[in-house]
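Written out below as structure tokens is the structure these notes cover.
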Amino acid sequence: MARKYSEGASKKVERALHEMHEGKLRSGGSGKKVTSRKQAIAIGLSEARAEGKKVPKAPANTKKKTKR
């Protein structure tokens, strides 16, 4: 089975997590320090996507819908 993410994308995520642990990773909008592991991974994948690496499309809707 083929890899879902490219090697370059993995490197971007690894770098983002490393920066987060050092306290150097900042969010794009507000510039606040990133403390969430999930957010650091999302930033790494976003940067990889921008560079054209092989990364699946981001989900269109991440919020759960509630039934009424």
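Residue numbers start at 1 in each chain; chains themselves are named A, B, ... in the order of the structure tokens; ligands are numbered from 1 in the order shown.
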
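Within 10 Å of stretch 36-43 of chain A, once only C-alpha atoms are used and residues closer than 6 positions along the same chain are dropped, the contacting residues are Ser10, Lys12, Val13, Glu14, Arg15, Ala16, Leu17, His18, Glu19, Met20, His21, Leu25, Arg26, Ser27, Gly28, Arg49 and Ala58 of chain A.
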
Keeping only all heavy atoms, write the selected residues as a CSV table (one decimal), in the first residue's frame.
chain,number,residue,atom,x,y,z
A,10,SER,N,6.6,14.4,6.4
A,10,SER,CA,7.0,13.9,7.7
A,10,SER,C,8.0,14.8,8.3
A,10,SER,O,8.0,15.0,9.5
A,10,SER,CB,7.5,12.5,7.6
A,10,SER,OG,6.5,11.7,7.1
A,12,LYS,N,8.5,18.0,7.8
A,12,LYS,CA,7.9,19.3,8.2
A,12,LYS,C,7.2,19.1,9.6
A,12,LYS,O,7.3,20.0,10.4
A,12,LYS,CB,6.9,19.7,7.2
A,12,LYS,CG,7.5,20.4,6.0
A,12,LYS,CD,7.9,21.8,6.4
A,12,LYS,CE,8.4,22.6,5.2
A,12,LYS,NZ,9.0,23.9,5.7
A,13,VAL,N,6.5,18.0,9.7
A,13,VAL,CA,5.7,17.8,11.0
A,13,VAL,C,6.8,17.6,12.1
A,13,VAL,O,6.6,18.1,13.2
A,13,VAL,CB,4.8,16.5,10.9
A,13,VAL,CG1,4.3,16.1,12.2
A,13,VAL,CG2,3.7,16.8,9.9
A,14,GLU,N,7.8,16.8,11.8
A,14,GLU,CA,8.9,16.6,12.8
A,14,GLU,C,9.5,17.9,13.3
A,14,GLU,O,9.7,18.2,14.5
A,14,GLU,CB,9.9,15.7,12.2
A,14,GLU,CG,11.0,15.3,13.2
A,14,GLU,CD,12.1,14.4,12.5
A,14,GLU,OE1,11.7,13.8,11.5
A,14,GLU,OE2,13.2,14.3,13.0
A,15,ARG,N,9.8,18.8,12.3
A,15,ARG,CA,10.4,20.1,12.6
A,15,ARG,C,9.4,21.0,13.5
A,15,ARG,O,9.8,21.6,14.4
A,15,ARG,CB,10.7,20.9,11.3
A,15,ARG,CG,11.4,22.2,11.6
A,15,ARG,CD,11.2,23.2,10.4
A,15,ARG,NE,9.8,23.4,10.1
A,15,ARG,CZ,8.9,24.2,10.7
A,15,ARG,NH1,9.3,24.8,11.8
A,15,ARG,NH2,7.7,24.3,10.3
A,16,ALA,N,8.1,20.9,13.1
A,16,ALA,CA,7.1,21.7,13.9
A,16,ALA,C,7.0,21.2,15.3
A,16,ALA,O,6.9,22.0,16.2
A,16,ALA,CB,5.7,21.6,13.2
A,17,LEU,N,7.0,19.9,15.5
A,17,LEU,CA,6.9,19.4,16.9
A,17,LEU,C,8.1,19.7,17.7
A,17,LEU,O,8.1,20.1,18.9
A,17,LEU,CB,6.7,17.8,16.8
A,17,LEU,CG,5.3,17.4,16.4
A,17,LEU,CD1,5.4,15.9,16.2
A,17,LEU,CD2,4.4,17.7,17.5
A,18,HIS,N,9.3,19.7,17.0
A,18,HIS,CA,10.6,20.0,17.7
A,18,HIS,C,10.5,21.5,18.1
A,18,HIS,O,10.9,21.8,19.3
A,18,HIS,CB,11.7,19.8,16.7
A,18,HIS,CG,13.1,20.0,17.3
A,18,HIS,ND1,13.6,19.1,18.2
A,18,HIS,CD2,14.0,21.0,17.2
A,18,HIS,CE1,14.8,19.5,18.6
A,18,HIS,NE2,15.1,20.7,18.0
A,19,GLU,N,10.0,22.4,17.2
A,19,GLU,CA,9.9,23.8,17.6
A,19,GLU,C,8.9,24.0,18.7
A,19,GLU,O,9.2,24.9,19.6
A,19,GLU,CB,9.5,24.6,16.4
A,19,GLU,CG,10.6,25.0,15.4
A,19,GLU,CD,10.2,25.9,14.3
A,19,GLU,OE1,9.2,26.6,14.5
A,19,GLU,OE2,10.9,26.0,13.3
A,20,MET,N,7.8,23.3,18.7
A,20,MET,CA,6.8,23.4,19.8
A,20,MET,C,7.5,23.0,21.1
A,20,MET,O,7.3,23.8,22.1
A,20,MET,CB,5.6,22.5,19.5
A,20,MET,CG,4.5,22.7,20.5
A,20,MET,SD,3.4,21.3,20.6
A,20,MET,CE,4.3,20.0,21.4
A,21,HIS,N,8.2,22.0,21.2
A,21,HIS,CA,8.8,21.5,22.4
A,21,HIS,C,9.9,22.5,22.9
A,21,HIS,O,10.1,22.7,24.1
A,21,HIS,CB,9.5,20.2,22.3
A,21,HIS,CG,8.5,19.1,22.2
A,21,HIS,ND1,7.6,18.8,23.3
A,21,HIS,CD2,8.1,18.2,21.3
A,21,HIS,CE1,6.8,17.8,23.0
A,21,HIS,NE2,7.1,17.4,21.7
A,25,LEU,N,7.5,27.7,18.4
A,25,LEU,CA,6.4,27.6,17.4
A,25,LEU,C,5.3,28.5,17.7
A,25,LEU,O,4.8,28.5,18.9
A,25,LEU,CB,5.9,26.2,17.2
A,25,LEU,CG,4.9,25.9,16.1
A,25,LEU,CD1,5.6,26.1,14.8
A,25,LEU,CD2,4.4,24.5,16.2
A,26,ARG,N,4.9,29.4,16.8
A,26,ARG,CA,3.9,30.4,17.0
A,26,ARG,C,2.8,30.1,16.0
A,26,ARG,O,3.0,29.7,14.9
A,26,ARG,CB,4.4,31.8,16.7
A,26,ARG,CG,5.6,32.1,17.6
A,26,ARG,CD,5.1,32.6,18.9
A,26,ARG,NE,6.2,32.8,19.9
A,26,ARG,CZ,6.1,33.3,21.1
A,26,ARG,NH1,4.9,33.7,21.5
A,26,ARG,NH2,7.1,33.4,21.9
A,27,SER,N,1.5,30.4,16.4
A,27,SER,CA,0.4,30.3,15.5
A,27,SER,C,0.4,31.5,14.5
A,27,SER,O,0.9,32.5,14.8
A,27,SER,CB,-0.9,30.2,16.3
A,27,SER,OG,-1.2,31.5,16.8
A,28,GLY,N,-0.2,31.2,13.3
A,28,GLY,CA,-0.2,32.2,12.3
A,28,GLY,C,-1.0,33.4,12.5
A,28,GLY,O,-0.6,34.6,12.4
A,49,ARG,N,1.8,21.1,2.7
A,49,ARG,CA,0.8,21.3,1.6
A,49,ARG,C,1.2,22.5,0.7
A,49,ARG,O,1.1,22.5,-0.5
A,49,ARG,CB,-0.6,21.5,2.2
A,49,ARG,CG,-1.5,20.4,1.9
A,49,ARG,CD,-2.9,20.7,2.4
A,49,ARG,NE,-3.3,19.5,3.1
A,49,ARG,CZ,-3.4,19.4,4.5
A,49,ARG,NH1,-3.1,20.4,5.2
A,49,ARG,NH2,-3.7,18.2,5.0
A,58,ALA,N,-7.0,18.6,3.5
A,58,ALA,CA,-7.5,18.9,4.8
A,58,ALA,C,-9.0,18.6,4.8
A,58,ALA,O,-9.7,18.9,3.8
A,58,ALA,CB,-7.2,20.3,5.2

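Using only C-alpha atoms, the nearest neighbour of A:Ala48 within the list A:Lys32, A:Lys11, A:Lys24, A:Lys67 is A:Lys11.
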
Contacts of A:Glu51 at 10 Å (only C-alpha atoms; same-chain gap of 6+ positions) as an mmCIF file with all heavy atoms, in the first residue's frame:
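Output file result19.cif follows:
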data_model
loop_
_atom_site.group_PDB
_atom_site.id
_atom_site.type_symbol
_atom_site.label_atom_id
_atom_site.label_comp_id
_atom_site.auth_asym_id
_atom_site.auth_seq_id
_atom_site.Cartn_x
_atom_site.Cartn_y
_atom_site.Cartn_z
ATOM 1 N N GLY A 8 8.877 14.220 2.806
ATOM 2 C CA GLY A 8 9.049 15.655 3.057
ATOM 3 C C GLY A 8 8.010 16.187 4.031
ATOM 4 O O GLY A 8 8.308 17.042 4.867
ATOM 5 N N ALA A 9 6.779 15.677 3.932
ATOM 6 C CA ALA A 9 5.713 16.094 4.847
ATOM 7 C C ALA A 9 6.039 15.643 6.262
ATOM 8 O O ALA A 9 5.829 16.381 7.226
ATOM 9 C CB ALA A 9 4.372 15.529 4.402
ATOM 10 N N LEU A 45 1.725 20.026 8.612
ATOM 11 C CA LEU A 45 1.054 19.527 7.408
ATOM 12 C C LEU A 45 0.649 20.672 6.483
ATOM 13 O O LEU A 45 0.739 20.563 5.258
ATOM 14 C CB LEU A 45 -0.173 18.705 7.784
ATOM 15 C CG LEU A 45 0.114 17.344 8.413
ATOM 16 C CD1 LEU A 45 -1.191 16.681 8.822
ATOM 17 C CD2 LEU A 45 0.898 16.451 7.478
#

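Take the candidates A:Ser6, A:Ser30, A:Met1, A:Thr35 and check each one against A:Lys53 using only C-alpha atoms; the shortest distance goes to A:Ser6.
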
Mind checking DSSP for chain A and telling me the helix (DSSP H, G or I) residues as a ChimeraX atom specification?
-> /A:7-22,37-50

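Separating atom CA of A:Ala50 from atom CA of A:Gly29 is a distance of 16.5 Å.
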
Å distance separating atom CA of A:Pro59 from atom CA of A:Ser46, one decimal place | 12.0 Å
